[in-house]
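Everything below belongs to query.txt, which stores compact mmCIF, C-alpha atoms.
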```txt
# COMPACT_ATOMS: atom_id res chain seq x y z
CA MET A 1 59.67 3.99 -28.85
CA LYS A 2 57.93 6.45 -31.18
CA ARG A 3 54.84 6.90 -29.00
CA PRO A 4 56.62 9.01 -26.33
CA LEU A 5 57.98 11.21 -29.13
CA TYR A 6 54.44 12.08 -30.19
CA TRP A 7 53.53 13.04 -26.63
CA LEU A 8 56.59 15.27 -26.55
CA MET A 9 55.42 16.72 -29.87
CA LEU A 10 52.02 17.60 -28.35
CA THR A 11 53.77 19.16 -25.36
CA LEU A 12 55.82 21.38 -27.65
CA LEU A 13 52.72 22.15 -29.73
CA VAL A 14 50.91 23.71 -26.77
CA VAL A 15 53.91 25.88 -25.85
CA ALA A 16 54.44 26.95 -29.47
CA MET A 17 50.80 28.03 -29.69
CA SER A 18 51.25 30.14 -26.56
CA GLU A 19 54.23 31.89 -28.14
CA LEU A 20 52.10 33.06 -31.07
CA GLN A 21 48.74 33.64 -29.41
CA THR A 22 49.31 37.33 -28.57
CA MET A 23 50.02 38.05 -32.22
CA GLY A 24 46.52 36.82 -33.10
CA MET A 25 44.80 38.99 -30.46
CA LEU A 26 46.60 42.35 -30.69
CA PRO A 27 43.52 44.56 -31.27
CA ALA A 28 41.34 42.73 -28.73
CA MET A 29 43.99 42.87 -25.99
CA ALA A 30 44.73 46.53 -26.74
CA ARG A 31 41.04 47.43 -26.32
CA GLY A 32 40.65 45.33 -23.19
CA LEU A 33 43.71 46.80 -21.45
CA SER A 34 43.25 50.35 -22.82
CA VAL A 35 46.72 50.50 -24.36
CA SER A 36 47.98 50.81 -27.92
CA THR A 37 48.39 47.87 -30.28
CA THR A 38 52.12 48.62 -30.39
CA THR A 39 52.31 48.27 -26.61
CA ILE A 40 50.63 44.87 -26.77
CA GLY A 41 53.04 43.94 -29.57
CA THR A 42 55.93 44.30 -27.14
CA LEU A 43 54.56 41.28 -25.27
CA ILE A 44 55.79 39.17 -28.19
CA SER A 45 59.34 40.45 -27.68
CA ILE A 46 59.06 40.03 -23.90
CA TYR A 47 58.03 36.38 -24.33
CA ALA A 48 60.93 35.80 -26.76
CA PHE A 49 63.36 37.43 -24.31
CA GLY A 50 62.14 35.06 -21.60
CA MET A 51 62.73 32.07 -23.88
CA ALA A 52 66.22 33.22 -24.80
CA ILE A 53 67.46 34.17 -21.33
CA GLY A 54 65.18 32.50 -18.79
CA GLY A 55 65.04 29.10 -20.48
CA PRO A 56 68.75 28.28 -20.00
CA LEU A 57 68.63 29.55 -16.41
CA ILE A 58 65.77 27.16 -15.60
CA ILE A 59 67.61 24.28 -17.25
CA MET A 60 70.71 25.13 -15.22
CA ALA A 61 68.65 24.92 -12.03
CA LEU A 62 67.12 21.58 -13.06
CA ARG A 63 70.17 20.00 -14.69
CA LEU A 64 70.47 17.20 -12.09
CA VAL A 65 66.71 16.45 -11.97
CA PRO A 66 65.44 13.43 -13.96
CA PRO A 67 64.16 14.79 -17.31
CA LYS A 68 60.59 13.53 -16.95
CA GLY A 69 60.19 15.15 -13.54
CA ALA A 70 61.78 18.37 -14.79
CA LEU A 71 59.47 18.49 -17.82
CA LEU A 72 56.36 17.81 -15.73
CA GLY A 73 57.28 20.56 -13.28
CA VAL A 74 58.02 23.10 -16.01
CA VAL A 75 54.87 22.32 -18.04
CA THR A 76 52.67 22.49 -14.92
CA ALA A 77 54.18 25.85 -13.90
CA TYR A 78 53.72 27.10 -17.47
CA ALA A 79 50.05 26.05 -17.47
CA VAL A 80 49.32 27.74 -14.13
CA LEU A 81 50.95 31.02 -15.18
CA GLU A 82 49.28 30.92 -18.61
CA ALA A 83 45.86 30.50 -16.99
CA SER A 84 46.66 33.28 -14.51
CA VAL A 85 46.86 36.01 -17.16
CA PRO A 86 43.06 36.68 -17.22
CA LEU A 87 43.13 37.20 -13.44
CA VAL A 88 45.17 40.40 -13.72
CA HIS A 89 44.09 43.58 -15.48
CA ASP A 90 47.28 45.61 -15.54
CA TYR A 91 49.58 45.55 -18.58
CA TRP A 92 52.80 45.32 -16.56
CA TRP A 93 51.60 42.34 -14.54
CA ILE A 94 50.68 40.60 -17.79
CA ALA A 95 54.11 41.48 -19.17
CA ALA A 96 55.71 39.89 -16.11
CA LEU A 97 53.63 36.73 -16.57
CA ARG A 98 54.58 36.57 -20.26
CA LEU A 99 58.24 36.89 -19.33
CA LEU A 100 57.90 33.95 -16.94
CA THR A 101 55.87 31.79 -19.34
CA GLY A 102 58.42 32.55 -22.06
CA SER A 103 61.20 31.37 -19.76
CA LEU A 104 59.30 28.17 -19.01
CA GLY A 105 58.54 27.75 -22.73
CA GLY A 106 62.26 27.94 -23.53
CA ALA A 107 62.94 25.26 -20.93
CA VAL A 108 60.22 23.06 -22.45
CA PHE A 109 61.91 23.32 -25.86
CA GLY A 110 65.25 22.24 -24.43
CA LEU A 111 63.80 19.41 -22.33
CA THR A 112 61.66 17.94 -25.12
CA LEU A 113 64.56 17.97 -27.58
CA THR A 114 66.89 16.40 -25.03
CA MET A 115 64.39 13.65 -24.22
CA ALA A 116 63.85 13.05 -27.94
CA ALA A 117 67.60 12.60 -28.42
CA ARG A 118 67.82 10.19 -25.47
CA LEU A 119 64.82 8.21 -26.75
CA ALA A 120 66.32 7.77 -30.23
CA PRO A 121 66.81 4.05 -31.00
CA SER A 122 70.44 4.68 -32.02
CA PRO A 123 72.89 7.60 -32.27
CA ASN A 124 72.34 7.82 -36.03
CA ARG A 125 68.59 8.29 -35.55
CA ILE A 126 68.72 11.35 -33.29
CA ALA A 127 67.71 13.86 -35.99
CA SER A 128 64.75 11.78 -37.13
CA SER A 129 63.52 11.49 -33.52
CA ILE A 130 63.94 15.22 -32.98
CA SER A 131 62.06 16.00 -36.21
CA ILE A 132 58.99 14.18 -34.85
CA VAL A 133 59.01 16.40 -31.76
CA LEU A 134 59.68 19.52 -33.85
CA ASN A 135 56.42 18.88 -35.69
CA GLY A 136 54.86 20.42 -32.58
CA LEU A 137 56.71 23.66 -33.33
CA MET A 138 55.65 23.62 -36.99
CA LEU A 139 52.01 22.85 -36.19
CA GLY A 140 52.02 25.44 -33.41
CA ALA A 141 53.07 28.05 -35.96
CA VAL A 142 50.21 26.94 -38.23
CA LEU A 143 47.52 26.80 -35.53
CA GLY A 144 48.53 29.25 -32.80
CA LEU A 145 47.71 32.55 -34.47
CA PRO A 146 44.41 31.62 -36.20
CA ILE A 147 43.02 29.69 -33.21
CA SER A 148 43.79 32.49 -30.74
CA HIS A 149 42.28 35.00 -33.17
CA ALA A 150 39.13 32.88 -33.54
CA ILE A 151 38.76 32.44 -29.76
CA ALA A 152 39.23 36.17 -29.11
CA THR A 153 36.68 37.00 -31.82
CA THR A 154 34.10 34.46 -30.66
CA TRP A 155 34.50 34.98 -26.89
CA ASN A 156 37.32 37.21 -25.59
CA TRP A 157 41.11 37.27 -25.41
CA GLN A 158 41.13 35.97 -21.83
CA THR A 159 39.56 32.70 -22.99
CA SER A 160 42.60 31.93 -25.15
CA PHE A 161 44.89 32.03 -22.11
CA LEU A 162 42.49 29.88 -20.09
CA ALA A 163 42.21 27.36 -22.94
CA LEU A 164 45.97 26.99 -23.36
CA GLY A 165 46.51 26.87 -19.61
CA GLY A 166 43.97 24.05 -19.38
CA ALA A 167 45.59 22.28 -22.34
CA GLY A 168 48.95 22.56 -20.56
CA LEU A 169 47.58 20.88 -17.44
CA ILE A 170 46.04 18.07 -19.52
CA ILE A 171 49.34 17.58 -21.36
CA ALA A 172 51.20 17.42 -18.03
CA LEU A 173 48.86 14.64 -16.84
CA LEU A 174 49.26 12.75 -20.11
CA ASP A 175 53.05 13.11 -19.95
CA LEU A 176 52.95 11.76 -16.40
CA ARG A 177 51.20 8.61 -17.61
CA THR A 178 52.98 8.07 -20.92
CA LEU A 179 56.57 9.32 -20.84
CA PRO A 180 59.27 6.87 -19.71
CA ALA A 181 61.33 7.67 -16.63
CA LEU A 182 64.87 8.42 -17.76
CA PRO A 183 67.70 8.62 -15.22
CA ALA A 184 69.09 12.01 -14.26
CA VAL A 185 72.49 12.89 -15.60
CA SER A 186 75.37 12.68 -13.16
CA ALA A 187 77.15 15.73 -11.81
CA GLN A 188 80.16 14.70 -13.91
CA THR A 189 78.06 14.55 -17.09
CA SER A 190 76.48 17.90 -16.25
CA ALA A 191 79.91 19.44 -15.80
CA GLY A 192 80.89 18.00 -19.19
CA ASP A 193 77.80 19.63 -20.68
CA LEU A 194 78.98 22.98 -19.32
CA ARG A 195 82.49 22.46 -20.70
CA GLN A 196 81.06 22.17 -24.21
CA PHE A 197 80.52 25.92 -24.23
CA ARG A 198 84.28 26.42 -24.40
CA SER A 199 84.28 24.87 -27.88
CA PRO A 200 84.52 27.29 -30.84
CA ARG A 201 83.02 24.55 -33.02
CA LEU A 202 79.82 24.63 -30.97
CA TRP A 203 79.49 28.41 -31.20
CA SER A 204 80.17 28.38 -34.93
CA ARG A 205 77.33 25.90 -35.38
CA TYR A 206 75.11 28.06 -33.22
CA LEU A 207 76.00 30.90 -35.61
CA VAL A 208 74.74 28.91 -38.61
CA SER A 209 71.45 28.36 -36.74
CA LEU A 210 71.18 32.07 -35.89
CA LEU A 211 71.75 33.13 -39.51
CA THR A 212 69.46 30.44 -40.96
CA ILE A 213 66.48 31.25 -38.74
CA GLY A 214 67.23 34.98 -38.98
CA ALA A 215 67.10 34.73 -42.78
CA THR A 216 63.75 32.95 -42.65
CA TYR A 217 62.05 35.26 -40.17
CA GLY A 218 63.61 38.38 -41.65
CA ALA A 219 61.33 37.65 -44.59
CA PHE A 220 58.44 35.68 -43.05
CA SER A 221 57.59 38.48 -40.61
CA TYR A 222 56.59 40.62 -43.59
CA PHE A 223 54.84 38.06 -45.76
CA THR A 224 51.37 39.42 -44.95
CA PRO A 225 52.00 42.94 -46.35
CA LEU A 226 53.96 41.42 -49.24
CA LEU A 227 51.09 39.14 -50.23
CA GLU A 228 48.31 41.71 -49.70
CA HIS A 229 49.90 45.00 -50.74
CA ASP A 230 52.51 43.89 -53.29
CA ALA A 231 51.01 40.75 -54.84
CA GLY A 232 47.42 41.98 -54.45
CA PHE A 233 45.94 38.90 -52.77
CA SER A 234 42.82 39.40 -50.67
CA PRO A 235 43.07 38.98 -46.87
CA ASN A 236 41.21 35.64 -47.05
CA THR A 237 43.51 34.35 -49.79
CA THR A 238 46.53 35.54 -47.85
CA THR A 239 45.32 33.53 -44.85
CA LEU A 240 45.05 30.43 -47.02
CA ILE A 241 48.53 31.01 -48.45
CA LEU A 242 50.01 31.37 -44.97
CA PHE A 243 48.21 28.19 -43.94
CA GLY A 244 49.81 26.51 -46.97
CA TYR A 245 53.16 27.90 -45.83
CA GLY A 246 52.61 26.22 -42.47
CA LEU A 247 51.80 22.88 -44.08
CA CYS A 248 55.00 23.18 -46.14
CA THR A 249 56.99 23.62 -42.93
CA VAL A 250 55.52 20.38 -41.56
CA LEU A 251 56.35 18.53 -44.79
CA GLY A 252 59.86 19.94 -45.02
CA ASN A 253 60.58 19.23 -41.36
CA ASN A 254 59.79 15.54 -41.80
CA VAL A 255 61.82 15.22 -45.00
CA VAL A 256 64.85 16.92 -43.45
CA GLY A 257 64.48 14.90 -40.25
CA ARG A 258 64.53 11.67 -42.23
CA TYR A 259 67.92 12.35 -43.82
CA ALA A 260 69.61 14.82 -41.44
CA ASP A 261 71.49 12.21 -39.43
CA ARG A 262 73.58 11.22 -42.46
CA HIS A 263 73.37 14.24 -44.77
CA ALA A 264 73.04 17.31 -42.55
CA VAL A 265 75.61 19.43 -44.40
CA THR A 266 74.18 18.60 -47.83
CA LEU A 267 70.65 19.39 -46.67
CA LEU A 268 71.77 22.72 -45.20
CA ARG A 269 73.62 23.67 -48.39
CA ILE A 270 70.59 22.89 -50.52
CA GLY A 271 68.29 24.62 -48.05
CA HIS A 272 70.37 27.81 -47.84
CA LEU A 273 70.65 28.12 -51.61
CA ALA A 274 66.94 27.43 -52.15
CA LEU A 275 66.04 29.89 -49.38
CA ALA A 276 68.25 32.63 -50.80
CA GLY A 277 66.97 31.99 -54.32
CA SER A 278 63.30 32.10 -53.33
CA LEU A 279 63.82 35.34 -51.37
CA VAL A 280 65.55 36.95 -54.36
CA VAL A 281 62.54 35.96 -56.49
CA LEU A 282 60.21 37.53 -53.93
CA ALA A 283 62.31 40.70 -53.80
CA LEU A 284 62.26 41.09 -57.58
CA PHE A 285 58.83 39.77 -58.53
CA ALA A 286 56.57 40.12 -55.47
CA ARG A 287 54.06 42.16 -57.50
CA LEU A 288 53.46 39.13 -59.73
CA PRO A 289 51.07 36.72 -57.95
CA TRP A 290 52.32 33.72 -59.91
CA ALA A 291 55.84 34.41 -58.56
CA ALA A 292 54.90 35.46 -55.03
CA LEU A 293 52.85 32.33 -54.25
CA PRO A 294 55.52 29.69 -55.03
CA GLY A 295 58.21 31.91 -53.49
CA VAL A 296 56.40 31.93 -50.15
CA LEU A 297 55.75 28.19 -50.25
CA VAL A 298 59.40 27.41 -51.03
CA VAL A 299 60.48 29.44 -47.99
CA GLY A 300 58.10 27.23 -46.00
CA LEU A 301 59.78 24.11 -47.36
CA VAL A 302 63.40 25.16 -46.77
CA GLY A 303 63.38 27.75 -43.96
CA VAL A 304 62.62 26.71 -40.38
CA THR A 305 62.44 23.13 -41.66
CA MET A 306 66.24 22.99 -41.50
CA ASN A 307 65.97 22.78 -37.70
CA PRO A 308 66.54 18.97 -37.51
CA ALA A 309 69.77 19.34 -39.50
CA LEU A 310 70.85 22.30 -37.35
CA VAL A 311 70.16 20.31 -34.17
CA ALA A 312 71.97 17.26 -35.55
CA ARG A 313 75.07 19.36 -36.22
CA VAL A 314 75.03 20.76 -32.68
CA VAL A 315 74.52 17.30 -31.13
CA GLU A 316 77.41 15.99 -33.24
CA VAL A 317 79.94 18.29 -31.58
CA ALA A 318 78.42 18.83 -28.13
CA GLY A 319 76.14 15.90 -27.34
CA ALA A 320 72.46 16.00 -26.44
CA GLY A 321 72.70 17.68 -23.05
CA GLY A 322 69.77 19.73 -21.83
CA LEU A 323 71.74 22.96 -21.48
CA VAL A 324 73.30 22.67 -24.94
CA ASN A 325 69.86 22.17 -26.50
CA THR A 326 68.23 24.94 -24.48
CA VAL A 327 70.93 27.46 -25.40
CA HIS A 328 70.49 26.33 -29.00
CA THR A 329 66.78 27.13 -28.63
CA SER A 330 67.78 30.54 -27.27
CA VAL A 331 70.00 31.13 -30.29
CA ILE A 332 67.14 30.19 -32.61
CA THR A 333 64.82 32.55 -30.73
CA LEU A 334 67.38 35.33 -31.05
CA GLY A 335 67.48 34.55 -34.77
CA VAL A 336 63.71 35.11 -34.95
CA VAL A 337 63.98 38.43 -33.09
CA ALA A 338 67.09 39.64 -34.91
CA GLY A 339 65.83 38.65 -38.35
CA SER A 340 62.49 40.40 -37.84
CA ALA A 341 64.20 43.51 -36.45
CA ILE A 342 66.78 43.72 -39.25
CA GLY A 343 64.04 43.20 -41.84
CA GLY A 344 62.03 46.04 -40.27
CA VAL A 345 65.03 48.39 -40.26
CA ALA A 346 65.73 47.52 -43.90
CA ILE A 347 62.13 48.26 -44.88
CA GLY A 348 62.25 51.62 -43.12
CA ALA A 349 65.58 52.55 -44.72
CA ALA A 350 64.34 51.56 -48.19
CA GLY A 351 61.16 53.63 -48.00
CA ASP A 352 58.59 51.16 -46.70
CA THR A 353 59.09 48.45 -49.32
CA THR A 354 58.89 44.79 -48.30
CA ALA A 355 61.44 43.89 -50.98
CA ALA A 356 64.12 45.18 -48.59
CA ALA A 357 63.23 42.49 -46.03
CA MET A 358 63.45 39.82 -48.74
CA TRP A 359 66.93 41.04 -49.74
CA THR A 360 67.95 41.04 -46.09
CA GLY A 361 66.81 37.45 -45.67
CA ALA A 362 68.66 36.39 -48.82
CA ILE A 363 71.89 38.00 -47.57
CA LEU A 364 71.59 36.24 -44.19
CA ALA A 365 71.01 32.89 -45.95
CA ILE A 366 74.14 33.42 -48.05
CA LEU A 367 76.11 34.30 -44.92
CA ALA A 368 74.83 31.08 -43.31
CA THR A 369 76.09 28.94 -46.20
CA CYS A 370 79.43 30.78 -46.14
CA VAL A 371 79.90 30.00 -42.45
CA LEU A 372 78.85 26.38 -43.08
CA SER A 373 81.37 26.09 -45.93
CA ALA A 374 84.13 27.51 -43.73
CA GLN A 375 83.30 24.93 -41.05
CA THR A 376 83.41 22.11 -43.57
CA LEU A 377 86.72 23.25 -45.08
CA ASN A 378 88.27 23.49 -41.62
CA TYR A 379 86.98 20.02 -40.72
CA GLU A 380 88.45 18.54 -43.91
CA ARG A 381 91.78 20.27 -43.21
CA VAL A 382 91.94 18.83 -39.68
CA HIS A 383 90.55 15.41 -40.68
CA PRO A 384 91.77 14.84 -44.26
CA GLN A 385 90.83 11.15 -44.19
CA THR A 386 87.22 11.80 -43.19
CA VAL A 387 84.46 12.79 -45.56
CA GLN A 388 81.76 14.82 -43.82
CA ASP A 389 78.32 15.01 -45.48
```

Will you turn the file into structure tokens for me?
Amino acid sequence: MKRPLYWLMLTLLVVAMSELQTMGMLPAMARGLSVSTTTIGTLISIYAFGMAIGGPLIIMALRLVPPKGALLGVVTAYAVLEASVPLVHDYWWIAALRLLTGSLGGAVFGLTLTMAARLAPSPNRIASSISIVLNGLMLGAVLGLPISHAIATTWNWQTSFLALGGAGLIIALLDLRTLPALPAVSAQTSAGDLRQFRSPRLWSRYLVSLLTIGATYGAFSYFTPLLEHDAGFSPNTTTLILFGYGLCTVLGNNVVGRYADRHAVTLLRIGHLALAGSLVVLALFARLPWAALPGVLVVGLVGVTMNPALVARVVEVAGAGGLVNTVHTSVITLGVVAGSAIGGVAIGAAGDTTAAAMWTGAILAILATCVLSAQTLNYERVHPQTVQD
């Protein structure tokens, strides 16, 4: 049953590349639309807002539709809207399209993770199945920015949208042929999915996800100036280091996915401590290249790679329903936005030093492990005969 998981991975890969493509074409889009680079940069936040808010709304509307049909419809709509961007020449129309594609992208995340959970060979293999699909997210982060930059440089920024729109349509056709038809959930099951949101345990696990991803992106968003301005690496070397960071995320994701079903708490504890430690090293010694390089790579190994363990913990208390997973994706997206914003505020308050963002990330990672420890202690108090790992 692994083959459908790899098709889901490719589906997620295309959407993840779309999320990052604007970041790789900021100057080209600004020139083409006669607006500032900062104005184009807001498209990144608009897309993220669509993922966080629009994604769950789409899943709510499709909650009784068979998952394969829902995924095909969402991916096709995403591809059409993505390819429509070059047809308009006004910034606000493009912003509206990015809001819609972001909403569809958030729905794709939730649907692919839900299908991965349902395709797992057994309940104790859900995290490993999800980690295969999440490789699409990790590879999208590695490939999205440089490929869109290369396309915009070689041809123009419109070509990137056309290419990803075409890729989305191809993926939809491949999904049609390869993905198994899973039955739709019943109205009773859907209502049970909604009732999960009354659970404080679910929201506390969402909080760990928010803090974990916020810690990672609070630092990652400022790795380029840290590596170039503080550590003194050249732009080309910085690109190679960031590519290495991306490869580390793929490696870490697969390692965590392999063991997350049985050892999610242990993996998160190790990951939070390693993340906090590496960010402290970067905050203190970023001007030393021999310290900055391994610090960045360690963040790649233990940052966003904790996603399979985070998902496994959510599935443990709330099941693998589409809405639960999509809201979890929204929480993770909010972690990206909040972490980057808090890091930026910290840099401004500290006098334009990237060390402030590293300290911010370390503090968020420590908060994440504190919340996780509180959850574990409460679980052991309520279930004294059960050992949770």

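When all atoms listed in the file are used to compute distances to A:Ala70, the closest of the residues A:Leu33, A:Ala28, A:Ala167, A:Leu182 turns out to be A:Leu182.
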
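Counting all atoms listed in the file and comparing A:Arg269, A:His263, A:Arg201, A:Arg287, the residue that lies closest to A:Ser373 is A:Arg269.
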
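When all atoms listed in the file are used to compute distances to A:Thr224, the closest of the residues A:Leu310, A:Leu20, A:Leu87, A:Leu240 turns out to be A:Leu240.
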
I want to know what sits within 10 Å of stretch 55-62 of chain A, based on all atoms listed in the file, with residues of the same chain fewer than 4 positions away left out; could you give that as a PyMOL selection string? chain A and resi 49-51+66-67+69-71+73-74+100-111+184+190+194+322-330

Write out the residues from the selection above, keeping C-alpha atoms, as a short mmCIF file (atom, residue, chain, number, x, y, z; two decimals), in the frame of the given file.
```
data_model
loop_
_atom_site.label_atom_id
_atom_site.label_comp_id
_atom_site.auth_asym_id
_atom_site.auth_seq_id
_atom_site.Cartn_x
_atom_site.Cartn_y
_atom_site.Cartn_z
CA PHE A 49 63.36 37.43 -24.31
CA GLY A 50 62.14 35.06 -21.60
CA MET A 51 62.73 32.07 -23.88
CA PRO A 66 65.44 13.43 -13.96
CA PRO A 67 64.16 14.79 -17.31
CA GLY A 69 60.19 15.15 -13.54
CA ALA A 70 61.78 18.37 -14.79
CA LEU A 71 59.47 18.49 -17.82
CA GLY A 73 57.28 20.56 -13.28
CA VAL A 74 58.02 23.10 -16.01
CA LEU A 100 57.90 33.95 -16.94
CA THR A 101 55.87 31.79 -19.34
CA GLY A 102 58.42 32.55 -22.06
CA SER A 103 61.20 31.37 -19.76
CA LEU A 104 59.30 28.17 -19.01
CA GLY A 105 58.54 27.75 -22.73
CA GLY A 106 62.26 27.94 -23.53
CA ALA A 107 62.94 25.26 -20.93
CA VAL A 108 60.22 23.06 -22.45
CA PHE A 109 61.91 23.32 -25.86
CA GLY A 110 65.25 22.24 -24.43
CA LEU A 111 63.80 19.41 -22.33
CA ALA A 184 69.09 12.01 -14.26
CA SER A 190 76.48 17.90 -16.25
CA LEU A 194 78.98 22.98 -19.32
CA GLY A 322 69.77 19.73 -21.83
CA LEU A 323 71.74 22.96 -21.48
CA VAL A 324 73.30 22.67 -24.94
CA ASN A 325 69.86 22.17 -26.50
CA THR A 326 68.23 24.94 -24.48
CA VAL A 327 70.93 27.46 -25.40
CA HIS A 328 70.49 26.33 -29.00
CA THR A 329 66.78 27.13 -28.63
CA SER A 330 67.78 30.54 -27.27
#
```

Name all residues at most 10 Å from stretch 294-306 of chain A (count only C-alpha atoms; drop same-chain ones fewer than 6 positions away) and give them as an mmCIF file with C-alpha atoms, keeping the file's coordinate frame.
```cif
data_model
loop_
_atom_site.group_PDB
_atom_site.id
_atom_site.type_symbol
_atom_site.label_atom_id
_atom_site.label_comp_id
_atom_site.auth_asym_id
_atom_site.auth_seq_id
_atom_site.Cartn_x
_atom_site.Cartn_y
_atom_site.Cartn_z
ATOM 1 C CA SER A 131 62.060 16.000 -36.210
ATOM 2 C CA LEU A 134 59.680 19.520 -33.850
ATOM 3 C CA ASN A 135 56.420 18.880 -35.690
ATOM 4 C CA LEU A 137 56.710 23.660 -33.330
ATOM 5 C CA MET A 138 55.650 23.620 -36.990
ATOM 6 C CA SER A 209 71.450 28.360 -36.740
ATOM 7 C CA THR A 212 69.460 30.440 -40.960
ATOM 8 C CA ILE A 213 66.480 31.250 -38.740
ATOM 9 C CA GLY A 214 67.230 34.980 -38.980
ATOM 10 C CA ALA A 215 67.100 34.730 -42.780
ATOM 11 C CA THR A 216 63.750 32.950 -42.650
ATOM 12 C CA TYR A 217 62.050 35.260 -40.170
ATOM 13 C CA ALA A 219 61.330 37.650 -44.590
ATOM 14 C CA PHE A 220 58.440 35.680 -43.050
ATOM 15 C CA PHE A 223 54.840 38.060 -45.760
ATOM 16 C CA LEU A 226 53.960 41.420 -49.240
ATOM 17 C CA LEU A 227 51.090 39.140 -50.230
ATOM 18 C CA ILE A 241 48.530 31.010 -48.450
ATOM 19 C CA LEU A 242 50.010 31.370 -44.970
ATOM 20 C CA PHE A 243 48.210 28.190 -43.940
ATOM 21 C CA GLY A 244 49.810 26.510 -46.970
ATOM 22 C CA TYR A 245 53.160 27.900 -45.830
ATOM 23 C CA GLY A 246 52.610 26.220 -42.470
ATOM 24 C CA LEU A 247 51.800 22.880 -44.080
ATOM 25 C CA CYS A 248 55.000 23.180 -46.140
ATOM 26 C CA THR A 249 56.990 23.620 -42.930
ATOM 27 C CA VAL A 250 55.520 20.380 -41.560
ATOM 28 C CA LEU A 251 56.350 18.530 -44.790
ATOM 29 C CA GLY A 252 59.860 19.940 -45.020
ATOM 30 C CA ASN A 253 60.580 19.230 -41.360
ATOM 31 C CA ASN A 254 59.790 15.540 -41.800
ATOM 32 C CA VAL A 255 61.820 15.220 -45.000
ATOM 33 C CA VAL A 256 64.850 16.920 -43.450
ATOM 34 C CA GLY A 257 64.480 14.900 -40.250
ATOM 35 C CA ALA A 260 69.610 14.820 -41.440
ATOM 36 C CA ALA A 264 73.040 17.310 -42.550
ATOM 37 C CA LEU A 267 70.650 19.390 -46.670
ATOM 38 C CA LEU A 268 71.770 22.720 -45.200
ATOM 39 C CA ILE A 270 70.590 22.890 -50.520
ATOM 40 C CA GLY A 271 68.290 24.620 -48.050
ATOM 41 C CA HIS A 272 70.370 27.810 -47.840
ATOM 42 C CA LEU A 273 70.650 28.120 -51.610
ATOM 43 C CA ALA A 274 66.940 27.430 -52.150
ATOM 44 C CA LEU A 275 66.040 29.890 -49.380
ATOM 45 C CA ALA A 276 68.250 32.630 -50.800
ATOM 46 C CA GLY A 277 66.970 31.990 -54.320
ATOM 47 C CA SER A 278 63.300 32.100 -53.330
ATOM 48 C CA LEU A 279 63.820 35.340 -51.370
ATOM 49 C CA VAL A 280 65.550 36.950 -54.360
ATOM 50 C CA VAL A 281 62.540 35.960 -56.490
ATOM 51 C CA LEU A 282 60.210 37.530 -53.930
ATOM 52 C CA ALA A 283 62.310 40.700 -53.800
ATOM 53 C CA PHE A 285 58.830 39.770 -58.530
ATOM 54 C CA ALA A 286 56.570 40.120 -55.470
ATOM 55 C CA ILE A 332 67.140 30.190 -32.610
ATOM 56 C CA ALA A 365 71.010 32.890 -45.950
#
```

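With all atoms listed in the file as the basis for measurement, A:Ser160 is the residue among A:Gln375, A:Ser160, A:Thr354, A:Ser129 that approaches A:Pro146 most closely.
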
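The spacing separating atom CA of A:Ser84 from atom CA of A:Glu19 amounts to 15.7 Å.
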
Notebook entry, point to check: Can you find the residues with an atom no farther than 8 Å from (46.8, 30.4, -31.2), counting only C-alpha atoms, and report them as a PyMOL selection string?
Noted result: chain A and resi 17-18+20-22+24+140+143-149+160

*Contacts of A:Ser45 within 12 Å, all atoms listed in the file, excl. fewer than 3 positions in-chain, as JSON, numbers by chain*: {"A": [19, 20, 22, 23, 38, 39, 40, 41, 42, 48, 49, 50, 51, 52, 95, 98, 99, 102, 333, 334, 336, 337, 338, 340, 341]}

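Distance-wise, atom CA of A:Tyr78 and atom CA of A:Val15 end up 8.5 Å apart.
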
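Note that atom CA of A:Gly339 and atom CA of A:Gly361 are 7.5 Å apart.
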
Kindly provide, as a list of chain:residue names, the polymer residues lying within 12 Å of (66.5, 4.6, -28.6), counting only C-alpha atoms and using the coordinates exactly as they appear in the file. A:Met1, A:Lys2, A:Arg3, A:Pro4, A:Leu5, A:Met115, A:Ala116, A:Ala117, A:Arg118, A:Leu119, A:Ala120, A:Pro121, A:Ser122, A:Pro123, A:Asn124, A:Arg125, A:Ile126, A:Ala127, A:Ser128, A:Ser129, A:Ile130, A:Pro180, A:Leu182

Would you place a box with edges along x, y and z of the file around all atoms of stretch 172-191 of chain A listed there, add 4 Å to each of its six sides, and report the centre and edge lengths in Å to one decimal, as JSON?
```
{"center_x": 64.5, "center_y": 13.2, "center_z": -16.4, "size_x": 39.3, "size_y": 20.6, "size_z": 17.1}
```

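Taking all atoms listed in the file into account, A:Asn156 lies nearest to A:Met29 out of the set A:Leu176, A:Ile94, A:Val80, A:Met29.
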